[in-house]
Structure formats: structure tokens, C-alpha cells
file my_file-v8.cif (mmCIF, C-alpha atoms)
data_start
#
loop_
_atom_site.label_atom_id
_atom_site.label_comp_id
_atom_site.auth_asym_id
_atom_site.auth_seq_id
_atom_site.Cartn_x
_atom_site.Cartn_y
_atom_site.Cartn_z
CA MET L 1 60.98 33.71 85.32
CA SER L 2 59.63 30.60 83.59
CA HIS L 3 58.84 27.26 85.18
CA LEU L 4 58.68 23.71 83.94
CA ILE L 5 55.45 22.88 82.15
CA ASN L 6 53.78 19.76 83.49
CA LYS L 7 50.14 20.52 82.89
CA VAL L 8 47.88 22.94 81.10
CA ASN L 9 45.06 23.87 83.44
CA ASN L 10 45.60 20.57 85.18
CA SER L 11 45.54 18.49 81.99
CA SER L 12 48.69 16.76 80.87
CA LEU L 13 50.28 18.01 77.70
CA SER L 14 49.51 14.69 76.03
CA SER L 15 45.76 15.13 76.53
CA LEU L 16 45.31 18.83 75.93
CA SER L 17 41.81 19.76 74.78
CA ILE L 18 40.09 23.02 73.96
CA GLU L 19 38.35 23.07 77.37
CA ASP L 20 41.78 23.54 78.94
CA PHE L 21 42.08 27.05 77.63
CA SER L 22 41.32 29.80 80.08
CA ASN L 23 38.80 31.67 77.96
CA ILE L 24 36.79 28.63 76.89
CA ASN L 25 33.71 27.55 78.85
CA VAL L 26 32.14 24.26 77.74
CA SER L 27 28.96 22.76 79.17
CA SER L 28 26.48 20.15 77.89
CA LEU L 29 28.21 19.94 74.54
CA ILE L 30 26.11 18.52 71.71
CA SER L 31 26.61 18.05 68.00
CA ASN L 32 26.75 21.18 65.81
CA ASP L 33 27.61 23.51 68.67
CA ILE L 34 29.82 26.48 67.91
CA PHE L 35 31.74 28.77 70.22
CA SER L 36 30.07 32.11 70.82
CA TYR L 37 31.67 34.99 72.69
CA ASN L 38 30.02 36.15 75.93
CA ASP L 39 31.22 39.61 76.90
CA SER L 40 29.81 39.30 80.43
CA ASN L 41 32.55 36.82 81.37
CA SER L 42 34.94 37.33 78.41
CA LYS L 43 34.75 33.67 77.49
CA TYR L 44 33.77 31.62 74.47
CA GLU L 45 30.84 29.35 75.31
CA ASN L 46 29.37 26.52 73.31
CA ALA L 47 25.90 26.98 71.83
CA GLN L 48 23.82 25.84 68.92
CA ALA L 49 24.44 28.14 65.98
CA SER L 50 20.74 28.60 65.33
CA SER L 51 20.25 29.99 68.82
CA VAL L 52 23.05 32.48 68.44
CA SER L 53 22.29 34.43 65.32
CA SER L 54 18.86 33.48 64.08
CA GLU L 55 17.10 36.57 62.81
CA ASP L 56 14.10 35.52 64.89
CA ASN L 57 15.66 36.00 68.28
CA ARG L 58 15.95 39.75 68.36
CA GLY L 59 13.50 42.54 67.82
CA ALA L 60 10.09 43.75 68.83
CA ASN L 61 6.49 43.13 67.98
CA TRP L 62 3.31 45.04 68.59
CA GLY L 63 -0.22 45.39 67.44
CA TYR L 64 -3.75 46.18 68.43
CA ALA L 65 -6.92 44.24 68.85
CA THR L 66 -10.22 45.98 69.22
CA THR L 67 -11.67 43.86 71.98
CA SER L 68 -9.32 41.48 73.72
CA PRO L 69 -6.07 39.57 73.23
CA GLY L 70 -6.48 37.05 70.46
CA VAL L 71 -8.54 39.31 68.26
CA GLY L 72 -6.78 41.08 65.47
CA GLY L 73 -3.60 39.12 65.09
CA ASN L 74 -1.21 36.47 66.19
CA VAL L 75 -1.37 37.21 69.86
CA ASN L 76 0.91 35.08 71.99
CA VAL L 77 2.97 33.85 69.05
CA TYR L 78 5.84 35.75 70.58
CA HIS L 79 5.38 34.95 74.20
CA PRO L 80 7.88 36.76 76.43
CA THR L 81 9.19 33.58 77.98
CA ASN L 82 9.76 32.01 74.57
CA ARG L 83 10.53 34.94 72.34
CA PRO L 84 11.84 38.33 73.40
CA PHE L 85 9.18 40.15 71.42
CA MET L 86 6.46 42.41 72.50
CA ILE L 87 3.10 40.75 72.03
CA PHE L 88 0.03 42.64 71.04
CA TYR L 89 -1.13 45.51 73.13
CA TYR L 90 -4.85 45.93 72.92
CA TYR L 91 -7.18 48.86 73.06
CA GLY L 92 -8.11 49.97 76.53
CA ALA L 93 -5.50 47.93 78.35
CA ALA L 94 -2.88 49.37 80.62
CA ALA L 95 0.14 50.30 78.56
CA THR L 96 2.44 48.06 80.56
CA THR L 97 0.29 44.94 80.40
CA HIS L 98 0.44 43.61 76.90
CA ARG L 99 3.69 44.51 75.31
CA TRP L 100 7.18 43.09 75.48
CA PHE L 101 10.45 44.18 73.92
CA GLN L 102 13.81 42.55 73.51
CA ASP L 103 15.23 45.32 75.65
CA THR L 104 14.82 49.00 76.40
CA ASN L 105 16.38 49.92 73.05
CA TYR L 106 13.00 49.13 71.51
CA THR L 107 10.06 51.35 72.37
CA MET L 108 6.70 51.86 70.81
CA TRP L 109 4.93 54.87 69.41
CA PRO L 110 2.35 55.68 70.53
CA THR L 111 2.50 54.39 74.06
CA ARG L 112 -1.23 54.10 74.31
CA THR L 113 -4.22 54.18 72.01
CA ALA L 114 -6.55 57.13 71.99
CA SER L 115 -9.51 58.26 69.97
CA SER L 116 -7.23 60.69 68.18
CA TYR L 117 -4.74 57.96 67.37
CA SER L 118 -2.38 58.91 64.57
CA TYR L 119 -2.02 56.95 61.35
CA LEU L 120 1.72 57.24 61.87
CA SER L 121 2.86 54.52 64.22
CA GLY L 122 5.84 52.32 64.79
CA ILE L 123 8.84 51.47 66.91
CA TYR L 124 11.99 53.28 67.95
CA VAL L 125 14.85 50.87 67.23
CA PRO L 126 18.57 50.75 68.02
CA ALA L 127 21.13 51.15 65.23
CA GLY L 128 21.25 48.11 62.98
CA THR L 129 19.69 46.35 60.04
CA HIS L 130 16.06 45.51 60.58
CA LYS L 131 13.65 43.26 58.73
CA VAL L 132 10.29 44.92 59.23
CA LYS L 133 7.01 43.24 58.49
CA CYS L 134 3.43 44.31 59.07
CA THR L 135 -0.09 43.12 58.74
CA ILE L 136 -2.55 45.84 57.86
CA GLN L 137 -6.28 46.10 57.56
CA GLY L 138 -8.50 48.93 56.49
CA ASN L 139 -11.92 50.20 57.29
CA HIS L 140 -13.04 50.66 53.69
CA PHE L 141 -16.15 52.64 52.98
CA THR L 142 -16.74 51.62 49.36
CA THR L 143 -15.97 48.67 47.07
CA SER L 144 -13.28 50.73 45.37
CA SER L 145 -11.65 52.00 48.56
CA GLU L 146 -7.91 51.59 48.78
CA CYS L 147 -4.89 53.09 50.41
CA VAL L 148 -1.12 52.95 49.96
CA PHE L 149 1.51 52.57 52.64
CA ARG L 150 5.27 52.79 52.83
CA PHE L 151 7.66 52.37 55.70
CA CYS L 152 9.37 55.49 56.95
CA LYS L 153 12.35 56.40 59.11
CA GLY L 154 12.27 59.25 61.54
CA PRO L 155 13.38 60.92 64.73
CA THR L 156 15.15 59.60 67.79
CA GLN L 157 13.37 58.25 70.81
CA GLY L 158 11.61 61.03 72.70
CA THR L 159 10.70 62.99 69.60
CA THR L 160 7.20 62.52 68.26
CA PRO L 161 7.23 61.22 64.68
CA THR L 162 5.38 63.39 62.23
CA THR L 163 4.97 63.53 58.49
CA SER L 164 7.57 66.30 58.48
CA ASN L 165 10.39 64.52 60.31
CA THR L 166 10.02 61.09 58.67
CA THR L 167 11.10 60.00 55.21
CA PHE L 168 9.74 57.16 53.13
CA VAL L 169 11.84 54.07 52.56
CA GLY L 170 11.19 50.84 50.66
CA PRO L 171 8.38 49.63 48.42
CA HIS L 172 4.74 50.70 48.30
CA PHE L 173 1.94 48.49 49.60
CA TYR L 174 -1.80 48.50 49.08
CA SER L 175 -4.71 47.77 51.30
CA ALA L 176 -7.92 47.31 49.36
CA VAL L 177 -11.20 45.46 49.62
CA ARG L 178 -10.98 44.02 46.14
CA GLN L 179 -10.18 40.34 46.39
CA GLY L 180 -6.66 39.27 45.58
CA ARG L 181 -5.78 42.49 43.91
CA PHE L 182 -2.90 43.87 45.87
CA SER L 183 -0.04 42.85 48.05
CA SER L 184 -0.86 43.51 51.66
CA ILE L 185 2.04 42.30 53.78
CA PRO L 186 4.36 45.31 53.98
CA MET L 187 7.96 44.27 54.45
CA ALA L 188 11.37 45.86 53.99
CA ILE L 189 14.97 45.73 55.09
CA ILE L 190 15.80 49.02 56.76
CA THR L 191 19.20 50.07 58.09
CA THR L 192 19.39 52.68 60.84
CA THR L 193 22.56 54.34 62.11
CA ASN L 194 21.38 56.51 65.01
CA ALA L 195 21.37 55.16 68.57
CA THR L 196 17.61 55.26 68.38
CA GLU L 197 15.52 55.84 65.30
CA PHE L 198 11.85 55.60 64.47
CA ILE L 199 10.59 53.05 61.95
CA GLY L 200 6.94 53.25 61.13
CA LEU L 201 4.32 52.48 58.56
CA ARG L 202 3.08 55.68 57.01
CA CYS L 203 0.13 56.29 54.78
CA VAL L 204 1.01 57.62 51.32
CA SER L 205 -2.52 58.01 50.01
CA ALA L 206 -6.03 56.85 50.78
CA THR L 207 -9.39 56.85 49.05
CA SER L 208 -12.55 56.38 51.12
CA VAL L 209 -10.67 54.68 53.93
CA SER L 210 -10.75 55.37 57.64
CA LEU L 211 -7.13 55.76 58.66
CA SER L 212 -7.76 55.92 62.38
CA SER L 213 -9.73 52.71 62.35
CA MET L 214 -7.17 50.95 60.18
CA ALA L 215 -4.55 51.13 62.88
CA THR L 216 -6.63 49.21 65.36
CA ASN L 217 -6.04 45.96 63.49
CA ALA L 218 -2.46 46.49 62.38
CA ALA L 219 0.52 44.58 63.71
CA MET L 220 4.20 45.32 63.36
CA HIS L 221 7.14 43.01 63.81
CA ILE L 222 10.79 43.98 63.71
CA GLU L 223 13.61 41.45 63.46
CA THR L 224 17.02 43.01 63.95
CA LEU L 225 19.35 41.00 61.74
CA MET N 226 67.26 24.96 89.97
CA SER N 227 66.72 24.92 86.24
CA HIS N 228 63.87 26.62 84.43
CA ASN N 229 61.99 25.69 81.32
CA LYS N 230 61.78 28.49 78.79
CA VAL N 231 58.88 26.87 76.89
CA LYS N 232 55.82 29.03 76.46
CA ILE N 233 52.50 28.58 74.66
CA GLY N 234 52.09 31.79 72.77
CA THR N 235 52.68 34.41 75.43
CA ALA N 236 51.59 32.19 78.36
CA GLU N 237 54.26 30.97 80.77
CA PRO N 238 54.07 28.17 83.38
CA ASP N 239 53.82 29.06 87.05
CA ILE N 240 56.02 27.67 89.81
CA GLY N 241 53.93 24.48 89.90
CA GLY N 242 54.41 23.90 86.19
CA ASN N 243 50.85 24.82 85.37
CA ILE N 244 50.12 27.08 82.44
CA ALA N 245 46.86 28.78 81.44
CA PRO N 246 47.04 29.73 77.79
CA SER N 247 44.15 31.41 75.99
CA LEU N 248 42.96 30.67 72.50
CA SER N 249 44.88 33.61 71.10
CA ASP N 250 48.09 31.83 72.15
CA LEU N 251 47.48 29.26 69.43
CA SER N 252 49.13 29.69 66.08
CA ASN N 253 45.98 29.14 64.05
CA VAL N 254 43.63 31.36 66.08
CA SER N 255 43.27 35.09 65.47
CA ILE N 256 41.15 37.00 67.98
CA SER N 257 40.58 40.69 67.45
CA SER N 258 38.10 42.81 69.44
CA PRO N 259 35.46 40.14 70.05
CA GLN N 260 31.93 41.27 70.77
CA SER N 261 29.03 39.51 72.41
CA GLY N 262 27.44 37.14 69.92
CA HIS N 263 30.63 36.66 67.92
CA SER N 264 31.77 33.11 67.27
CA LEU N 265 34.95 31.31 66.41
CA VAL N 266 34.62 30.80 62.69
CA TYR N 267 36.98 28.84 60.48
CA ASN N 268 38.01 30.90 57.46
CA GLY N 269 39.68 28.09 55.55
CA SER N 270 43.10 28.35 57.15
CA SER N 271 42.62 29.63 60.68
CA TRP N 272 40.00 30.37 63.31
CA GLU N 273 38.95 33.97 63.74
CA THR N 274 36.23 35.90 65.52
CA GLY N 275 33.21 37.14 63.69
CA ALA N 276 29.50 36.91 63.21
CA ILE N 277 28.27 33.64 61.78
CA SER N 278 27.64 34.17 58.10
CA GLY N 279 24.77 32.51 56.35
CA SER N 280 22.01 32.75 58.90
CA THR N 281 21.52 36.48 58.41
CA SER N 282 22.85 37.17 54.92
CA TYR N 283 20.22 38.42 52.53
CA ILE N 284 19.27 40.30 49.38
CA PHE N 285 16.50 42.87 49.33
CA ILE N 286 15.45 44.46 46.05
CA GLY N 287 12.72 47.11 45.94
CA GLU N 288 13.38 50.68 46.99
CA GLY N 289 9.96 51.92 45.95
CA ALA N 290 11.30 54.55 43.57
CA SER N 291 9.44 55.65 40.46
CA ASP N 292 10.76 54.55 37.06
CA ASN N 293 8.88 53.64 33.91
CA TYR N 294 8.62 49.90 33.21
CA SER N 295 9.40 50.57 29.56
CA ASN N 296 12.95 51.36 30.68
CA THR N 297 13.46 47.61 31.03
CA GLY N 298 14.17 47.77 27.29
CA ASN N 299 10.95 46.04 26.30
CA SER N 300 7.97 47.30 24.34
CA GLY N 301 4.49 46.12 23.46
CA ASN N 302 2.58 43.49 25.42
CA ILE N 303 3.67 41.54 28.46
CA SER N 304 3.50 37.83 27.62
CA VAL N 305 3.77 34.44 29.27
CA GLY N 306 7.42 33.55 29.83
CA ASN N 307 8.59 37.15 30.13
CA LYS N 308 10.79 38.11 33.04
CA TRP N 309 9.19 40.27 35.70
CA TYR N 310 11.65 43.02 36.61
CA LEU N 311 12.36 44.71 39.92
CA TYR N 312 13.70 48.23 40.36
CA ASP N 313 16.36 49.31 42.83
CA SER N 314 19.19 51.80 42.34
CA SER N 315 21.01 50.41 45.39
CA PRO N 316 19.82 46.89 46.21
CA GLN N 317 20.94 45.43 49.53
CA ASN N 318 23.12 42.35 49.19
CA THR N 319 25.09 40.62 51.95
CA ILE N 320 25.14 37.15 50.36
CA SER N 321 28.75 36.42 49.53
CA GLY N 322 29.25 35.18 45.98
CA SER N 323 25.92 36.43 44.67
CA THR N 324 25.32 38.92 41.88
CA ILE N 325 22.36 41.16 41.14
CA ASN N 326 22.09 41.43 37.37
CA LYS N 327 20.53 44.55 35.89
CA VAL N 328 19.45 45.50 32.41
CA SER N 329 22.43 47.39 31.02
CA GLY N 330 22.39 51.09 31.78
CA THR N 331 19.37 50.84 34.10
CA HIS N 332 18.47 49.93 37.68
CA TRP N 333 15.99 47.28 36.54
CA VAL N 334 16.99 43.89 37.98
CA GLU N 335 16.33 40.94 35.70
CA THR N 336 18.08 38.03 37.46
CA VAL N 337 19.99 37.19 40.62
CA THR N 338 22.95 34.81 40.55
CA LEU N 339 23.23 32.76 43.73
CA PRO N 340 26.02 30.51 45.01
CA ALA N 341 25.25 27.01 46.24
CA GLY N 342 23.16 27.01 49.39
CA THR N 343 19.66 26.96 50.80
CA TYR N 344 17.50 30.04 50.49
CA VAL N 345 14.13 31.41 51.51
CA PHE N 346 12.42 33.66 48.95
CA GLU N 347 9.62 36.16 49.38
CA ALA N 348 8.29 38.35 46.59
CA GLN N 349 5.45 40.80 46.19
CA PHE N 350 4.37 42.71 43.12
CA ASN N 351 1.76 44.89 41.56
CA CYS N 352 0.80 45.86 38.01
CA VAL N 353 -1.60 47.92 35.96
CA LEU N 354 -4.52 46.10 34.35
CA SER N 355 -6.24 47.29 31.17
CA ALA N 356 -9.49 45.53 32.17
CA THR N 357 -10.67 42.86 34.60
CA GLY N 358 -7.89 40.32 34.67
CA GLY N 359 -4.76 39.46 36.55
CA LEU N 360 -1.08 38.64 36.58
CA THR N 361 0.41 35.36 37.80
CA LEU N 362 4.10 35.08 38.58
CA ALA N 363 6.42 32.38 39.88
CA LEU N 364 10.08 32.01 40.70
CA TYR N 365 12.10 30.33 37.94
CA THR N 366 15.67 29.64 36.97
CA SER N 367 16.73 31.32 33.76
CA THR N 368 16.98 27.84 32.26
CA GLY N 369 13.27 27.23 32.79
CA SER N 370 13.03 25.27 36.04
CA ARG N 371 10.23 26.27 38.35
CA LEU N 372 11.23 27.06 41.94
CA SER N 373 7.99 28.24 43.54
CA ALA N 374 4.22 28.07 43.51
CA ASN N 375 2.27 30.74 41.66
CA ALA N 376 1.29 34.08 43.10
CA PHE N 377 -1.51 36.18 41.64
CA ILE N 378 -2.80 39.70 41.73
CA GLY N 379 -5.84 40.93 39.88
CA ASP N 380 -9.57 41.37 40.09
CA SER N 381 -10.62 38.14 38.39
CA LEU N 382 -12.51 36.56 41.25
CA THR N 383 -11.77 32.97 40.29
CA ALA N 384 -11.54 30.16 42.77
CA SER N 385 -8.19 29.14 41.36
CA ALA N 386 -6.46 32.43 42.12
CA PRO N 387 -3.50 31.77 44.42
CA SER N 388 -2.27 34.15 47.05
CA SER N 389 -0.52 37.37 46.15
CA THR N 390 2.86 36.65 47.76
CA ILE N 391 5.54 34.29 46.50
CA SER N 392 7.10 32.25 49.27
CA ALA N 393 9.53 29.41 48.69
CA SER N 394 12.48 27.53 50.14
CA VAL N 395 15.02 26.51 47.50
CA GLU N 396 18.29 24.63 47.51
CA ILE N 397 20.81 25.73 44.89
CA THR N 398 23.08 22.74 44.48
CA SER N 399 26.66 22.78 43.24
CA THR N 400 25.42 20.86 40.19
CA MET N 401 22.94 23.66 39.45
CA VAL N 402 25.77 26.18 39.72
CA SER N 403 27.93 24.12 37.33
CA ASN N 404 25.05 23.98 34.85
CA ASN N 405 24.32 27.72 35.11
CA GLN N 406 20.97 26.98 36.73
CA ASN N 407 21.61 29.44 39.55
CA LEU N 408 20.25 32.53 37.77
CA ILE N 409 16.93 33.25 39.47
CA GLN N 410 14.14 35.38 38.06
CA LEU N 411 10.47 36.19 38.50
CA GLN N 412 8.58 34.95 35.46
CA VAL N 413 5.16 35.64 34.00
CA ILE N 414 2.92 32.55 34.14
CA VAL N 415 -0.42 34.09 33.16
CA ALA N 416 -1.11 37.61 31.91
CA SER N 417 -4.77 38.48 31.47
CA ASN N 418 -5.49 42.07 30.48
CA VAL N 419 -2.17 43.15 31.91
CA ALA N 420 -1.16 46.54 30.54
CA GLY N 421 1.93 46.49 28.33
CA TYR N 422 5.46 47.77 28.66
CA THR N 423 4.33 50.55 26.33
CA GLY N 424 1.01 51.62 24.85
CA SER N 425 -2.12 52.82 26.59
CA PRO N 426 -2.53 51.91 29.31
CA SER N 427 1.00 50.88 30.14
CA GLN N 428 2.65 49.76 33.37
CA GLY N 429 4.24 53.15 33.97
CA ASN N 430 5.82 53.47 37.42
CA THR N 431 3.65 50.91 39.21
CA PRO N 432 6.05 47.90 39.08
CA SER N 433 9.03 49.97 40.21
CA GLU N 434 7.08 51.34 43.18
CA PHE N 435 5.53 48.09 44.37
CA ASN N 436 7.75 45.13 43.40
CA LEU N 437 10.05 43.53 45.95
CA LEU N 438 12.18 40.41 46.26
CA TYR N 439 13.69 39.23 49.53
CA ILE N 440 16.17 36.35 49.54
CA ARG N 441 17.62 35.03 52.79
CA LYS N 442 20.47 32.53 52.80
CA VAL N 443 19.66 29.87 55.35
CA SER N 444 22.72 27.67 54.97
#
call {"tool": "encode", "arguments": {"input": "my_file-v8.cif", "output": "C-alpha cells"}}
result
Amino acid sequence: MSHLINKVNNSSLSSLSIEDFSNINVSSLISNDIFSYNDSNSKYENAQASSVSSEDNRGANWGYATTSPGVGGNVNVYHPTNRPFMIFYYYGAAATTHRWFQDTNYTMWPTRTASSYSYLSGIYVPAGTHKVKCTIQGNHFTTSSECVFRFCKGPTQGTTPTTSNTTFVGPHFYSAVRQGRFSSIPMAIITTTNATEFIGLRCVSATSVSLSSMATNAAMHIETL
Amino acid sequence: MSHNKVKIGTAEPDIGGNIAPSLSDLSNVSISSPQSGHSLVYNGSSWETGAISGSTSYIFIGEGASDNYSNTGNSGNISVGNKWYLYDSSPQNTISGSTINKVSGTHWVETVTLPAGTYVFEAQFNCVLSATGGLTLALYTSTGSRLSANAFIGDSLTASAPSSTISASVEITSTMVSNNQNLIQLQVIVASNVAGYTGSPSQGNTPSEFNLLYIRKVS
């Protein structure tokens, strides 16, 4: 049975606005807002577009410093209250102290440094397209020392990544002591389809370079696009 | 008692004459399986749900595969003004209206055609040197307009050597598109003792394994 329409959500038909719709939630509206869907309340809510889908607001970040936070990288750039990234976890610290993730879909390998630390390290990520970027540094023994890295994809969370269960993906990158010679900011766009999947930076070859020491000053940052 | 049969979409008024329509009751709104983070986006004729395009659309070229640089179709020396090619058998491209242009019959990318918009570029590269020297590249349009600062790799330890990564923000205007100035390429600025396309030594597989170009559409 239908009834006479006088109002739409208590607004007269002559002054109907988008806020009068039942699945619209507007607050503190400012210029250039868009409507973004919130599945926790099944409503469209206004927000600035840059805060909704910037590639910088999702992902994970990690790295090592050999002595204390602030040494070895951009510690605190991604502070947990400002950015949902893990900040650098440093050698000797409790594993839960100096790392942050967007959510539990991102986890780190390894969970803690050790003297036998592997040269294969990285992050288990959820399915998606990821922009991965690293800083790397080597412990080079001679003036001609160099090594080559590539990103790799590997097993699901809970399975230890190895050279056998990971495959290379993306370009090659050098680390070398010779000034200005080689690119040294590994980056790639990597798509993963499994619920969890390992993305790491894996050594392809090395000449007179300490691999275990190299990892102590590496940092890794994943932006899920 | 009479009743009004008017509805908004599928929404009907209650006994007090109040009605609570949703957006999908509007004729120019199409909502299908919305997910968290989706927005109402105007597609030119109606509003529909979807991810906001533009902020995360990108091109990434550089799979790291091995292919000889001579397969770019060039031979002899690499000279100032030459294109610097990138190799990818399956480049990633989510920028609507763009085209990745390859040398015919190969996976060597020579230019990228971009629609009007604002972009952020990052590029890295590597090459074989025949002696102490270096290679300087920059981002150019195919019509000769510079779009970025220089980037350099090499073992000439000169104070003027710039950094090894190209980074630039560029606006491609509609005028540039009309004038065919939206074909983007990496271009050789300085080549000092850079091994050739062919000969000994030559570039071999090094450029295909190390070169990359990342383009993100900002707006």
C-alpha cells in the first residue's frame, strides 16, 4: 500500500538534496570531496579523493639499523599514527617494538635478526598490485666489489622463503662501491594473486661482497596500489 | 482514504508520507556490488561505483629479461640524440588512452604515448662501457622537448655527474597532444665510451636486464 509523499527523509520535495538519501552520510563537507563507500555501515561518505586512493596510504615498510633507530634509513618517516606503515625494526630490539603494518595481511620475513640472517628477506603481502621499493647497501671488500639483486615472489605466509620456492620478477639492480656507476634503488610493480604471497629482494650474484652484512642496512617499502 | 502511487525508484512513502529512497533509486545512478573504498564516479552520462581512476593508474616497463640490444634494429655506435630503449614482453599499463610503442617485431619499447594529464616519471638504466666513461640520459618528447633533468651512470668521477635515477613531474597538455608532443622517450644526452649496439664490446643483454621506466598518472 502506498502513501502520499510529503517529505523525503524529512525534507520537502522542493528542497531535496543528496544528504536526504538513506545511504548517504555527509559530514564536514569541503571542496573537492567525493563519495566513498564504507562497507562497515553500507553508506557513501564524503572524503577528499587524495585520502581515499592515494598509493601512499596502504602497505608496509621495514628495515634495519645496526645500532639504534635513526641509523640506516628513514626511520619515523612512516610513523604509525600518521602512516599505516611499519617503521624500521633494528638489530637487537624486541620484534614487536619497531615495526608497524597496515594490517595483519602484511608480515615480515624474517621476524627477527640473527647472526645467520638470510640474504633472502621481504614481506608477505595480500593479493593485489604492489609498488615495491628498496634501499640497499653492501659491505664491499674491494674497489671492484659488486652484487646484483632482483625482486622475487614466493610462498604463502607460514612457509619459509628459499631460493627454491621463489622466482625472480622485474629488473636487475646493482650495488657497487664505484661512484655513480649503477642504479641502486630497486623498484618494481608486482602483482600477486594468492591470499598471501612473499615478495622479497633476492641476490642474483655477488663478487667480494658480504651478503649477511648487506641486509643490516637495507629497507623495504611496499605500497599496495 | 486515497493513496498516492508515486514512488522514487522502488521506494514507497510510509503512512506519514515520508519516503527514504537510496541512490540506486535515481535514474542516473548505477550501483553494482560496491566495495569499501569505491566511490561514486561520473562516467560521462551517469554515476556509477568504482575505484577512482587516475591516482593509481600507471605504466611499468622493465621485466628484467635477457635480449640483445642490437635487436632494437640499430647497429654501430650509440650517439647523442639516440633513443634509449626498454625491454618488456608484457609491460604493465593501466593508464587509459596510453600506448606503449615497440620496435616492430620486437619487445623493445621506443616511445610511450600519453593522454593529457599530469604524470610522475621514474627511470633507471645501466649499460656496458668500453672504457672509463659514462652514459647520460634524460626524458624527452619525440619532437625534441626536454622533460627531465639528466641522469648519469658511469665511472667518470666528475663533479658534474648527476644522480643515476631520472625523476620528473610532467604535465601533458591538450595542446601537446594536438601537436603530437605526447610521445615520450628516454634519450641519450652524453655517451662517453659507451659500448655500441653491435661490435666489441657491445651492449648485449645489459640494457634489457636493467632498464626500467615507471610512469604514474597523478591527475
call {"tool": "residues_around", "arguments": {"input": "my_file-v8.cif", "residues": "region 254-259 of chain N", "least_positions_apart": "4", "cutoff": "6 Å", "atoms": "only C-alpha atoms", "output": "list of chain:residue names"}}
result
N:Ser249, N:Ser271, N:Trp272, N:Glu273, N:Thr274
call {"tool": "closest_residue", "arguments": {"input": "my_file-v8.cif", "among": "N:Asn326, N:Gln410, N:Gln260, N:Ser394", "to": "chain L", "atoms": "only C-alpha atoms"}}
result
N:Gln260
call {"tool": "atom_distance", "arguments": {"input": "my_file-v8.cif", "atom1": "CA of Gly154 (chain L)", "atom2": "CA of Asn194 (chain L)"}}
result
10.1 Å
call {"tool": "resolve_selection", "arguments": {"input": "my_file-v8.cif", "expression": "the PyMOL selection byres ((chain N and resi 325) around 10)", "output": "number ranges by chain"}}
result
N: 284, 286, 316-318, 323-324, 326-327, 333-339, 408-409
call {"tool": "atom_distance", "arguments": {"input": "my_file-v8.cif", "atom1": "CA of Val231 (chain N)", "atom2": "CA of Asp250 (chain N)"}}
result
12.8 Å
call {"tool": "atom_distance", "arguments": {"input": "my_file-v8.cif", "atom1": "CA of Tyr312 (chain N)", "atom2": "CA of Ser433 (chain N)"}}
result
5.0 Å
call {"tool": "residues_around", "arguments": {"input": "my_file-v8.cif", "residues": "Asn25 (chain L)", "least_positions_apart": "3", "cutoff": "10 Å", "atoms": "only C-alpha atoms", "output": "VMD selection string"}}
result
chain L and resid 18 to 22 35 to 38 41 to 46
call {"tool": "resolve_selection", "arguments": {"input": "my_file-v8.cif", "expression": "the PyMOL selection byres ((chain N and resi 422-430) around 6)", "output": "NGL selection string"}}
result
:N and (291-295 or 300-301 or 353 or 420-421 or 431-433)
call {"tool": "residues_around", "arguments": {"input": "my_file-v8.cif", "residues": "region 349-352 of chain N", "least_positions_apart": "2", "cutoff": "8 Å", "atoms": "all atoms listed in the file", "output": "list in words"}}
result
Phe182 and Ser183 of chain L; Glu347, Leu354, Leu360, Ile378, Ser389, Thr390, Ile391, Val419, Ala420, Gln428, Thr431, Pro432, Phe435, Asn436, Leu437 and Leu438 of chain N
call {"tool": "resolve_selection", "arguments": {"input": "my_file-v8.cif", "expression": "the PyMOL selection byres ((chain L and resi 153) around 10)", "output": "PyMOL selection string"}}
result
chain L and resi 122-124+151-152+154-156+161+165-169+190-192+197-202
call {"tool": "closest_residue", "arguments": {"input": "my_file-v8.cif", "among": "L:Cys203, L:Ile189, L:Ile24, L:Leu29", "to": "Tyr283 (chain N)", "atoms": "only C-alpha atoms"}}
result
L:Ile189
call {"tool": "residues_around", "arguments": {"input": "my_file-v8.cif", "residues": "Ser315 (chain N)", "least_positions_apart": "4", "cutoff": "9 Å", "atoms": "all atoms listed in the file", "output": "list in words"}}
result
Ile286, Gly287, Glu288 and His332 of chain N
call {"tool": "closest_residue", "arguments": {"input": "my_file-v8.cif", "among": "N:Gln406, N:Thr319, N:Ser304, N:Thr398", "to": "chain L", "atoms": "all atoms listed in the file"}}
result
N:Thr319
call {"tool": "residues_near_point", "arguments": {"input": "my_file-v8.cif", "point": "(20.8, 36.4, 50.2)", "cutoff": "9 Å", "atoms": "only C-alpha atoms", "output": "mmCIF file with C-alpha atoms, in the coordinates of the input"}}
result
data_model
loop_
_atom_site.group_PDB
_atom_site.id
_atom_site.type_symbol
_atom_site.label_atom_id
_atom_site.label_comp_id
_atom_site.auth_asym_id
_atom_site.auth_seq_id
_atom_site.Cartn_x
_atom_site.Cartn_y
_atom_site.Cartn_z
ATOM 1 C CA GLY N 279 24.770 32.510 56.350
ATOM 2 C CA THR N 281 21.520 36.480 58.410
ATOM 3 C CA SER N 282 22.850 37.170 54.920
ATOM 4 C CA TYR N 283 20.220 38.420 52.530
ATOM 5 C CA ILE N 284 19.270 40.300 49.380
ATOM 6 C CA PHE N 285 16.500 42.870 49.330
ATOM 7 C CA ASN N 318 23.120 42.350 49.190
ATOM 8 C CA THR N 319 25.090 40.620 51.950
ATOM 9 C CA ILE N 320 25.140 37.150 50.360
ATOM 10 C CA SER N 321 28.750 36.420 49.530
ATOM 11 C CA SER N 323 25.920 36.430 44.670
ATOM 12 C CA LEU N 339 23.230 32.760 43.730
ATOM 13 C CA TYR N 344 17.500 30.040 50.490
ATOM 14 C CA VAL N 345 14.130 31.410 51.510
ATOM 15 C CA PHE N 346 12.420 33.660 48.950
ATOM 16 C CA TYR N 439 13.690 39.230 49.530
ATOM 17 C CA ILE N 440 16.170 36.350 49.540
ATOM 18 C CA ARG N 441 17.620 35.030 52.790
ATOM 19 C CA LYS N 442 20.470 32.530 52.800
ATOM 20 C CA VAL N 443 19.660 29.870 55.350
#
call {"tool": "closest_residue", "arguments": {"input": "my_file-v8.cif", "among": "N:Gly234, N:Gly241, N:Gly289, N:Gly369", "to": "Arg150 (chain L)", "atoms": "only C-alpha atoms"}}
result
N:Gly289
